[in-house]
Amino acid sequence: MADTMSSPPTSSPPSAGAPETRRDFLGLVTTACVAIGVGAVVWPFIASMNPSRDVLALASTDIDLAPIAVGQAVTVMWRGKPVFVRHRSATEIAAARATLLSDLKDPIADQARTQKSDWLVVVGVCTHLGCVPLGQKSTDARGEFGGWFCPCHGSHYDTSGRIRKGPAPTNLVVPTYAFTSDTKIRVG
Amino acid sequence: MSIGLHDSQIKNPVLRWVDQRLPIFTMLEKEYGSFPTPKNFNYFWNFGALAMVTLVIMIGTGVFLSMNYTATTTMAFDSVERIMRDVNYGWLLRYVHMNGASMFFIVVYIHIFRSMYYGSYKAPRELLWILGVVIFLLLMATAFMGYVLPWGQMSFWGATVITNLFSAFPLVGESIVTWLWGGFSVDNPTLSRFFSLHYLMPFVTVGVVFLHIAALHITGSNNPLGVEPKGPQDTIPFHPYYTIKDSFGLVLYFIVFGLLVFFAPNFLGHPDNYIPANPMVTPAHIVPEWYFLPFYAVLRAVPDKLGGVLLMFGSIAVLFVLPWLDGSPVRSMRFRPLARPFFAVWCVSFLVLGYVGGKPAEEPFVTISRVATAYYFMYFLVILPLLARLERPLPLPESISRPVLFGGGPLPAGAMAKPMEKA
C-alpha cells in the first residue's frame with residue numbers, strides 16, 4: 001500500500017466520489033473468485049451428507065398382495081420406513097368416498113389416492129413428526145375415522161389415510177407404486 | 001506489547017525460562033491468582049466452575065467410552081451392553097457419562113437462573129451472556145446426539161421426531177431432513193454422523209467456553225448486589241478465596257453426582273431405551289430426556305406444526321436478546337420489588353412446562369402448557385420491557401463493602417460524597 005502511504009490523508013474514504021479505479025475492479029474480482037472458490041470447496045462436504053448411491057439403490061420394494069385378505073393390512077419396509085398396504089372392505093371404501101372434500105384439512109378425493117379401490121398404499125409415517133401410527137392390526141386403536149391413529153401427538157387418519165383431526169398438517173403420503181401384475185405391486 | 005522476552009516475575013528458574021518465552025504462568029497468576037473478584041459471592045457463583053468441571057468429566061469419560069463403542073445400527077446397542085457387562089469399569093464410565101449429561105443440565109440451568117436473577121446479562125456483560133446461550137445450544141445439540149448413540153427405542157424415535165422438526169419449514173424442509181438423515185429415514189448414515197458430531201461438538205464447546213471466560217475476565221464478575229466493585233476494598237483475589245469456595249462446592253457436587261451414579265443410575269433415564277431400536281414400532285409415549293421437556297412442551301402447546309417448531313426455537317432465541325428486552329439499569333432482583341415476583345412466576349412456568357412436557361398430549365396438560373408458554377414469552381416480551389419503565393427500584397447500596405462490613409468499611413475518598421440514587 002505504498003501509494004496510500006505517500007498520498008496525503010483525506011477525510012473521506014477514497015471510494016466516495018472518487019472515480020472507480022482498476023484497484024477497485026481487481027478487489028471485486030478477487031472477492032467474487034474467493035466466494036466461488038469457498039462455495040466449490042464447501043459443496044462436496046455438504047453433498048456427502050445427502051443419501052449415497054447405495055442408499056438410493058435400495059429405493060424400490062416388491063409386495064405380493066395375494067395373501068392379504070379383505071380387511072387385513074400388511075406393513076412393508078421401504079427406504080427404511082414402513083409402508084402400509086390395506087385391503088379395504090366395501091364399507092371402508094364407501095366411508096372414504098362418501099367424505100366431503102370440505103371436511104378435509106388436506107382435501108383430495110379417495111379416487112386420486114388409490115389405483116384400485118380395494119388397495120390403499122400409504123407411507124406409514126405420521127406427517128406431524130414421523131411416528132408410526134397405530135391401526136395396522138384390527139385390535140389397534142384406529143382413531144375416530146377408522147383409519148389410523150398416531151399415539152405420539154394424537155393425529156387421526158381416515159380409511160383413505162387422510163388427516164382428519166390432530167396436529168399433522170397433511171395426509172399420509174401415497175408413495176409412487178405400480179401394479180406389476182394383478183397381485184403384485186412395486187413401491188418406489 | 002513489546003517484542004522480546006517477557007519480563008517474568010516467576011521465581012522457579014525452569015518455569016521462568018518458559019514464562020519468559022510464553023507467559024502462560026503470568027497469565028494464570030493474573031487470571032486465576034490475583035484476579036480481583038467481588039467479595040460478596042454467594043454459592044450461586046459456584047456453578048460456572050461446576051459446569052467447567054462437568055465438561056471435563058464428560059470429555060474424559062466420552063473419549064474412553066468411544067474406544068469400545070461401535071457406531072453402526074447393527075452393533076451400537078450391543079456394543080453399549082458390552083460396555084455395561086464386559087468392559088472393565090465400563091458400567092462406571094457409562095453411568096458417569098450418562099448421568100453427567102443430567103448433572104450438566106442441572107448445573108447449567110442453575111447457572112442461567114443465577115444470571116437472570118442477578119441481572120448478570122446486563123451491560124456490559126451482554127456478549128458474555130450471548131456466548132453462554134451459544135454454549136447452552138451446543139450442549140443441547142451434543143446431548144441430543146449422544147442420546148441417539150445407544151440405538152434404543154427412545155434414541156431412534158427421539159431422533160426421528162427431532163429431525164422431523166425441520167420438515168416443518170416450507171419448500172426446503174423435506175430436503176433438509178433427507179440431508180440430515182443421509183437417507184429416507186433415521187438409519188445407519190444418521191447414526192454414524194451423529195457419533196462424529198457428538199465427538200466434535202464438546203471440543204467446539206471448549207472453544208466457546210474459553211471465549212466466555214475471556215469475556216468474563218474483561219468485564220469482571222457480577223455479584224449478588226449487582227453493584228460494580230468501586231475499588232480494592234470491594235474485591236478479594238480469586239486465589240485462595242474463591243478457589244477454596246469453588247473446591248468446597250465441588251465436593252458437595254460430587255456427593256450428589258455420586259449418589260446418582262451409584263444408587264440411582266437409571267432414575268433420570270427412560271426404560272424404553274433398553275429396548276433395541278425398531279423402525280416399525282413407535283413407543284406409546286415418546287418423551288425426550290428430562291432436560292428438554294420444557295421446550296418439548298412449548299412445541300406441543302401449538303396446534304400447528306410450523307408454529308410449534310418456530311415457537312420452540314423462539315423460546316431459546318429470545319434469550320439472545322434478553323439484555324435488550326430488560327431495559328432496567330438495576331441488575332439484582334433484590335432491588336426490584338416488581339420484577340422479583342414476576343420472575344418467580346416465570347421460574348414456575350418453566351418448571352410447569354417441564355412437567356407437562358413429560359405428560360401425554362391430552363387435557364388438561366394441553367391447556368396448562370398453553371398458559372405456561374404464553375407466560376414464558378410474556379415475561380420476556382411484555383413484562384420486562386414494561387417494568388423497565390414502570391418499576392421503582394429500591395435504593396441501591398453505595399458499594400459492595402457497605403452492606404457486607406459493619407459500618408461500611410473504608411471507602412475511597414469521594415465515594416462517600418453522595419448516596420447512590422436509582423441509577
# chains A, B, ... in the order shown; residues from 1 in each chain; ligands from 1

$ residues_around --residues "Ala123 (chain B)" --least-positions-apart "2" --cutoff "12 Å" --atoms "only C-alpha atoms" --output "VMD selection string"
chain B and resid 119 to 121 125 to 130 219 to 222 226 to 228 322 to 331

$ write_last_selection --atoms "N, CA and C atoms" --output "short mmCIF file (atom, residue, chain, number, x, y, z; two decimals), in the first residue's frame"
data_model
loop_
_atom_site.label_atom_id
_atom_site.label_comp_id
_atom_site.auth_asym_id
_atom_site.auth_seq_id
_atom_site.Cartn_x
_atom_site.Cartn_y
_atom_site.Cartn_z
N GLY B 119 -29.27 -10.40 37.18
CA GLY B 119 -29.06 -9.48 36.06
C GLY B 119 -27.66 -9.51 35.48
N SER B 120 -27.03 -10.69 35.50
CA SER B 120 -25.65 -10.78 35.00
C SER B 120 -25.56 -10.57 33.49
N TYR B 121 -26.73 -10.59 32.81
CA TYR B 121 -26.71 -10.44 31.35
C TYR B 121 -26.66 -8.99 30.92
N ARG B 125 -22.15 -6.90 30.18
CA ARG B 125 -21.89 -8.34 30.06
C ARG B 125 -22.78 -9.00 29.01
N GLU B 126 -23.31 -8.23 28.03
CA GLU B 126 -24.24 -8.80 27.06
C GLU B 126 -23.58 -9.91 26.23
N LEU B 127 -22.34 -9.65 25.77
CA LEU B 127 -21.69 -10.64 24.91
C LEU B 127 -21.36 -11.90 25.70
N LEU B 128 -20.97 -11.70 26.95
CA LEU B 128 -20.71 -12.83 27.85
C LEU B 128 -21.95 -13.71 27.94
N TRP B 129 -23.12 -13.08 28.09
CA TRP B 129 -24.40 -13.80 28.17
C TRP B 129 -24.69 -14.51 26.84
N ILE B 130 -24.48 -13.81 25.72
CA ILE B 130 -24.78 -14.40 24.40
C ILE B 130 -23.90 -15.64 24.19
N THR B 219 -14.88 -7.94 31.70
CA THR B 219 -15.87 -7.16 32.45
C THR B 219 -15.77 -7.40 33.95
N GLY B 220 -15.21 -8.54 34.34
CA GLY B 220 -15.26 -8.94 35.74
C GLY B 220 -16.60 -9.54 36.06
N SER B 221 -16.68 -10.23 37.21
CA SER B 221 -17.91 -10.92 37.57
C SER B 221 -18.95 -9.93 38.09
N ASN B 222 -20.21 -10.29 37.86
CA ASN B 222 -21.31 -9.63 38.56
C ASN B 222 -21.30 -10.16 40.00
N GLY B 226 -25.31 -6.73 42.42
CA GLY B 226 -25.40 -6.14 41.10
C GLY B 226 -24.78 -4.76 41.02
N VAL B 227 -23.95 -4.40 42.01
CA VAL B 227 -23.27 -3.12 42.03
C VAL B 227 -21.81 -3.38 41.67
N GLU B 228 -21.27 -2.60 40.74
CA GLU B 228 -19.88 -2.84 40.33
C GLU B 228 -18.93 -2.55 41.49
N LEU B 322 -32.34 -10.99 25.40
CA LEU B 322 -32.74 -10.62 26.76
C LEU B 322 -32.07 -9.34 27.27
N PRO B 323 -30.75 -9.16 27.03
CA PRO B 323 -30.12 -7.94 27.54
C PRO B 323 -30.78 -6.66 27.02
N TRP B 324 -31.44 -6.73 25.87
CA TRP B 324 -32.04 -5.52 25.32
C TRP B 324 -33.54 -5.45 25.60
N LEU B 325 -34.11 -6.58 26.01
CA LEU B 325 -35.53 -6.55 26.39
C LEU B 325 -35.69 -5.99 27.80
N ASP B 326 -34.73 -6.31 28.66
CA ASP B 326 -34.78 -5.83 30.03
C ASP B 326 -33.99 -4.53 30.11
N GLY B 327 -34.70 -3.42 30.01
CA GLY B 327 -34.02 -2.12 29.98
C GLY B 327 -33.71 -1.55 31.35
N SER B 328 -34.12 -2.22 32.41
CA SER B 328 -33.87 -1.66 33.74
C SER B 328 -32.38 -1.66 34.04
N PRO B 329 -31.85 -0.52 34.51
CA PRO B 329 -30.42 -0.48 34.80
C PRO B 329 -30.05 -1.21 36.10
N VAL B 330 -31.06 -1.56 36.91
CA VAL B 330 -30.77 -2.26 38.16
C VAL B 330 -30.60 -3.74 37.86
N ARG B 331 -29.46 -4.30 38.24
CA ARG B 331 -29.19 -5.69 37.88
C ARG B 331 -29.89 -6.66 38.82
#

$ interface_residues --of "chain A" --to "chain B" --cutoff "10 Å" --atoms "only C-alpha atoms" --output "number ranges by chain"
A: 46-56, 59, 75-83, 124-125, 127-134, 150-154, 166-169

$ residues_around --residues "Leu172 (chain A)" --least-positions-apart "2" --cutoff "8 Å" --atoms "only C-alpha atoms" --output "VMD selection string"
chain A and resid 122 to 127 157 161 to 163 170 174

$ closest_residue --among "B:Leu92, B:Phe136, B:Thr73, B:Leu50" --to "Phe320 (chain B)" --atoms "only C-alpha atoms"
B:Phe136

$ atom_distance --atom1 "CA of Ser8 (chain B)" --atom2 "CA of Met27 (chain B)"
10.5 Å

$ closest_residue --among "A:Lys105, A:Arg22, A:Lys137, A:Arg142" --to "Val85 (chain A)" --atoms "only C-alpha atoms"
A:Lys137

$ select_by_dssp --residues "region 37-238 of chain B" --states "strand (DSSP E or B)" --output "JSON, numbers by chain"
{"B": [37, 38, 152, 235, 236, 237]}

$ atom_distance --atom1 "CA of Tyr109 (chain B)" --atom2 "CA of Phe262 (chain B)"
23.2 Å

$ atom_distance --atom1 "CA of Phe335 (chain B)" --atom2 "CA of Phe44 (chain B)"
17.7 Å

$ decode --residues "region 47-91 of chain A" --atoms "N, CA and C atoms" --output "PDB file, in the first residue's frame"
ATOM      1  N   ALA A  47     -22.669 -32.087   0.215  1.00  0.00           N
ATOM      2  CA  ALA A  47     -23.291 -33.127  -0.600  1.00  0.00           C
ATOM      3  C   ALA A  47     -22.994 -34.517  -0.053  1.00  0.00           C
ATOM      4  N   SER A  48     -21.851 -34.690   0.614  1.00  0.00           N
ATOM      5  CA  SER A  48     -21.510 -36.010   1.147  1.00  0.00           C
ATOM      6  C   SER A  48     -22.499 -36.455   2.204  1.00  0.00           C
ATOM      7  N   MET A  49     -23.249 -35.508   2.764  1.00  0.00           N
ATOM      8  CA  MET A  49     -24.207 -35.880   3.798  1.00  0.00           C
ATOM      9  C   MET A  49     -25.557 -36.265   3.213  1.00  0.00           C
ATOM     10  N   ASN A  50     -25.772 -36.032   1.916  1.00  0.00           N
ATOM     11  CA  ASN A  50     -27.015 -36.462   1.278  1.00  0.00           C
ATOM     12  C   ASN A  50     -26.979 -37.972   1.031  1.00  0.00           C
ATOM     13  N   PRO A  51     -28.134 -38.592   0.741  1.00  0.00           N
ATOM     14  CA  PRO A  51     -28.157 -40.042   0.563  1.00  0.00           C
ATOM     15  C   PRO A  51     -27.147 -40.513  -0.481  1.00  0.00           C
ATOM     16  N   SER A  52     -26.387 -41.570  -0.135  1.00  0.00           N
ATOM     17  CA  SER A  52     -25.367 -42.082  -1.029  1.00  0.00           C
ATOM     18  C   SER A  52     -26.007 -42.981  -2.082  1.00  0.00           C
ATOM     19  N   ARG A  53     -25.198 -43.420  -3.062  1.00  0.00           N
ATOM     20  CA  ARG A  53     -25.730 -44.212  -4.173  1.00  0.00           C
ATOM     21  C   ARG A  53     -26.316 -45.538  -3.694  1.00  0.00           C
ATOM     22  N   ASP A  54     -25.650 -46.162  -2.702  1.00  0.00           N
ATOM     23  CA  ASP A  54     -26.154 -47.468  -2.247  1.00  0.00           C
ATOM     24  C   ASP A  54     -27.482 -47.314  -1.519  1.00  0.00           C
ATOM     25  N   VAL A  55     -27.668 -46.169  -0.830  1.00  0.00           N
ATOM     26  CA  VAL A  55     -28.961 -45.917  -0.179  1.00  0.00           C
ATOM     27  C   VAL A  55     -30.032 -45.689  -1.242  1.00  0.00           C
ATOM     28  N   LEU A  56     -29.689 -44.907  -2.266  1.00  0.00           N
ATOM     29  CA  LEU A  56     -30.653 -44.636  -3.341  1.00  0.00           C
ATOM     30  C   LEU A  56     -30.985 -45.912  -4.103  1.00  0.00           C
ATOM     31  N   ALA A  57     -30.021 -46.841  -4.194  1.00  0.00           N
ATOM     32  CA  ALA A  57     -30.239 -48.061  -4.965  1.00  0.00           C
ATOM     33  C   ALA A  57     -31.283 -48.965  -4.320  1.00  0.00           C
ATOM     34  N   LEU A  58     -31.478 -48.806  -3.009  1.00  0.00           N
ATOM     35  CA  LEU A  58     -32.461 -49.638  -2.307  1.00  0.00           C
ATOM     36  C   LEU A  58     -33.847 -49.011  -2.328  1.00  0.00           C
ATOM     37  N   ALA A  59     -34.094 -48.172  -3.342  1.00  0.00           N
ATOM     38  CA  ALA A  59     -35.274 -47.327  -3.269  1.00  0.00           C
ATOM     39  C   ALA A  59     -36.556 -47.988  -3.721  1.00  0.00           C
ATOM     40  N   SER A  60     -36.564 -49.278  -4.142  1.00  0.00           N
ATOM     41  CA  SER A  60     -37.848 -49.886  -4.504  1.00  0.00           C
ATOM     42  C   SER A  60     -38.026 -51.248  -3.827  1.00  0.00           C
ATOM     43  N   THR A  61     -39.285 -51.590  -3.553  1.00  0.00           N
ATOM     44  CA  THR A  61     -39.624 -52.819  -2.837  1.00  0.00           C
ATOM     45  C   THR A  61     -40.823 -53.462  -3.521  1.00  0.00           C
ATOM     46  N   ASP A  62     -40.770 -54.802  -3.710  1.00  0.00           N
ATOM     47  CA  ASP A  62     -41.900 -55.532  -4.297  1.00  0.00           C
ATOM     48  C   ASP A  62     -42.772 -56.116  -3.196  1.00  0.00           C
ATOM     49  N   ILE A  63     -44.088 -56.036  -3.390  1.00  0.00           N
ATOM     50  CA  ILE A  63     -45.021 -56.569  -2.399  1.00  0.00           C
ATOM     51  C   ILE A  63     -46.004 -57.506  -3.103  1.00  0.00           C
ATOM     52  N   ASP A  64     -46.171 -58.703  -2.507  1.00  0.00           N
ATOM     53  CA  ASP A  64     -47.144 -59.672  -3.027  1.00  0.00           C
ATOM     54  C   ASP A  64     -48.465 -59.467  -2.283  1.00  0.00           C
ATOM     55  N   LEU A  65     -49.527 -59.147  -3.041  1.00  0.00           N
ATOM     56  CA  LEU A  65     -50.807 -58.848  -2.401  1.00  0.00           C
ATOM     57  C   LEU A  65     -51.675 -60.079  -2.197  1.00  0.00           C
ATOM     58  N   ALA A  66     -51.357 -61.198  -2.871  1.00  0.00           N
ATOM     59  CA  ALA A  66     -52.237 -62.373  -2.873  1.00  0.00           C
ATOM     60  C   ALA A  66     -52.639 -62.838  -1.469  1.00  0.00           C
ATOM     61  N   PRO A  67     -51.695 -62.925  -0.508  1.00  0.00           N
ATOM     62  CA  PRO A  67     -52.112 -63.477   0.787  1.00  0.00           C
ATOM     63  C   PRO A  67     -52.907 -62.520   1.677  1.00  0.00           C
ATOM     64  N   ILE A  68     -53.126 -61.284   1.254  1.00  0.00           N
ATOM     65  CA  ILE A  68     -53.784 -60.307   2.136  1.00  0.00           C
ATOM     66  C   ILE A  68     -55.290 -60.369   1.920  1.00  0.00           C
ATOM     67  N   ALA A  69     -56.008 -60.867   2.931  1.00  0.00           N
ATOM     68  CA  ALA A  69     -57.468 -60.986   2.833  1.00  0.00           C
ATOM     69  C   ALA A  69     -58.133 -59.625   3.017  1.00  0.00           C
ATOM     70  N   VAL A  70     -59.399 -59.545   2.648  1.00  0.00           N
ATOM     71  CA  VAL A  70     -60.143 -58.296   2.815  1.00  0.00           C
ATOM     72  C   VAL A  70     -60.161 -57.909   4.295  1.00  0.00           C
ATOM     73  N   GLY A  71     -59.892 -56.647   4.580  1.00  0.00           N
ATOM     74  CA  GLY A  71     -59.876 -56.177   5.963  1.00  0.00           C
ATOM     75  C   GLY A  71     -58.510 -56.273   6.603  1.00  0.00           C
ATOM     76  N   GLN A  72     -57.594 -57.032   5.982  1.00  0.00           N
ATOM     77  CA  GLN A  72     -56.248 -57.169   6.560  1.00  0.00           C
ATOM     78  C   GLN A  72     -55.326 -56.070   6.047  1.00  0.00           C
ATOM     79  N   ALA A  73     -54.228 -55.906   6.756  1.00  0.00           N
ATOM     80  CA  ALA A  73     -53.231 -54.927   6.319  1.00  0.00           C
ATOM     81  C   ALA A  73     -51.848 -55.494   6.570  1.00  0.00           C
ATOM     82  N   VAL A  74     -50.899 -55.134   5.727  1.00  0.00           N
ATOM     83  CA  VAL A  74     -49.517 -55.532   5.985  1.00  0.00           C
ATOM     84  C   VAL A  74     -48.642 -54.281   6.024  1.00  0.00           C
ATOM     85  N   THR A  75     -47.524 -54.442   6.718  1.00  0.00           N
ATOM     86  CA  THR A  75     -46.547 -53.355   6.804  1.00  0.00           C
ATOM     87  C   THR A  75     -45.264 -53.844   6.160  1.00  0.00           C
ATOM     88  N   VAL A  76     -44.762 -53.082   5.219  1.00  0.00           N
ATOM     89  CA  VAL A  76     -43.566 -53.473   4.477  1.00  0.00           C
ATOM     90  C   VAL A  76     -42.532 -52.366   4.615  1.00  0.00           C
ATOM     91  N   MET A  77     -41.286 -52.754   4.741  1.00  0.00           N
ATOM     92  CA  MET A  77     -40.218 -51.765   4.873  1.00  0.00           C
ATOM     93  C   MET A  77     -39.815 -51.271   3.493  1.00  0.00           C
ATOM     94  N   TRP A  78     -39.859 -49.951   3.320  1.00  0.00           N
ATOM     95  CA  TRP A  78     -39.405 -49.336   2.071  1.00  0.00           C
ATOM     96  C   TRP A  78     -38.593 -48.104   2.419  1.00  0.00           C
ATOM     97  N   ARG A  79     -37.363 -48.032   1.964  1.00  0.00           N
ATOM     98  CA  ARG A  79     -36.445 -46.924   2.271  1.00  0.00           C
ATOM     99  C   ARG A  79     -36.334 -46.717   3.779  1.00  0.00           C
ATOM    100  N   GLY A  80     -36.330 -47.822   4.534  1.00  0.00           N
ATOM    101  CA  GLY A  80     -36.188 -47.714   5.993  1.00  0.00           C
ATOM    102  C   GLY A  80     -37.443 -47.251   6.698  1.00  0.00           C
ATOM    103  N   LYS A  81     -38.537 -47.069   5.933  1.00  0.00           N
ATOM    104  CA  LYS A  81     -39.777 -46.607   6.537  1.00  0.00           C
ATOM    105  C   LYS A  81     -40.859 -47.661   6.310  1.00  0.00           C
ATOM    106  N   PRO A  82     -41.835 -47.745   7.221  1.00  0.00           N
ATOM    107  CA  PRO A  82     -42.928 -48.680   6.996  1.00  0.00           C
ATOM    108  C   PRO A  82     -43.884 -48.163   5.920  1.00  0.00           C
ATOM    109  N   VAL A  83     -44.333 -49.080   5.061  1.00  0.00           N
ATOM    110  CA  VAL A  83     -45.393 -48.764   4.103  1.00  0.00           C
ATOM    111  C   VAL A  83     -46.599 -49.613   4.479  1.00  0.00           C
ATOM    112  N   PHE A  84     -47.742 -48.953   4.621  1.00  0.00           N
ATOM    113  CA  PHE A  84     -48.980 -49.653   4.965  1.00  0.00           C
ATOM    114  C   PHE A  84     -49.700 -50.043   3.680  1.00  0.00           C
ATOM    115  N   VAL A  85     -50.051 -51.322   3.563  1.00  0.00           N
ATOM    116  CA  VAL A  85     -50.894 -51.762   2.455  1.00  0.00           C
ATOM    117  C   VAL A  85     -52.149 -52.341   3.088  1.00  0.00           C
ATOM    118  N   ARG A  86     -53.293 -51.729   2.814  1.00  0.00           N
ATOM    119  CA  ARG A  86     -54.522 -52.213   3.433  1.00  0.00           C
ATOM    120  C   ARG A  86     -55.490 -52.693   2.351  1.00  0.00           C
ATOM    121  N   HIS A  87     -55.976 -53.921   2.529  1.00  0.00           N
ATOM    122  CA  HIS A  87     -57.004 -54.463   1.638  1.00  0.00           C
ATOM    123  C   HIS A  87     -58.347 -54.003   2.210  1.00  0.00           C
ATOM    124  N   ARG A  88     -58.893 -52.945   1.635  1.00  0.00           N
ATOM    125  CA  ARG A  88     -60.044 -52.302   2.274  1.00  0.00           C
ATOM    126  C   ARG A  88     -61.339 -53.066   2.005  1.00  0.00           C
ATOM    127  N   SER A  89     -62.200 -53.025   2.992  1.00  0.00           N
ATOM    128  CA  SER A  89     -63.519 -53.628   2.827  1.00  0.00           C
ATOM    129  C   SER A  89     -64.435 -52.631   2.115  1.00  0.00           C
ATOM    130  N   ALA A  90     -65.580 -53.128   1.640  1.00  0.00           N
ATOM    131  CA  ALA A  90     -66.515 -52.271   0.907  1.00  0.00           C
ATOM    132  C   ALA A  90     -66.974 -51.097   1.769  1.00  0.00           C
ATOM    133  N   THR A  91     -67.208 -51.343   3.076  1.00  0.00           N
ATOM    134  CA  THR A  91     -67.668 -50.249   3.942  1.00  0.00           C
ATOM    135  C   THR A  91     -66.576 -49.191   4.121  1.00  0.00           C
TER     136      THR A  91
END
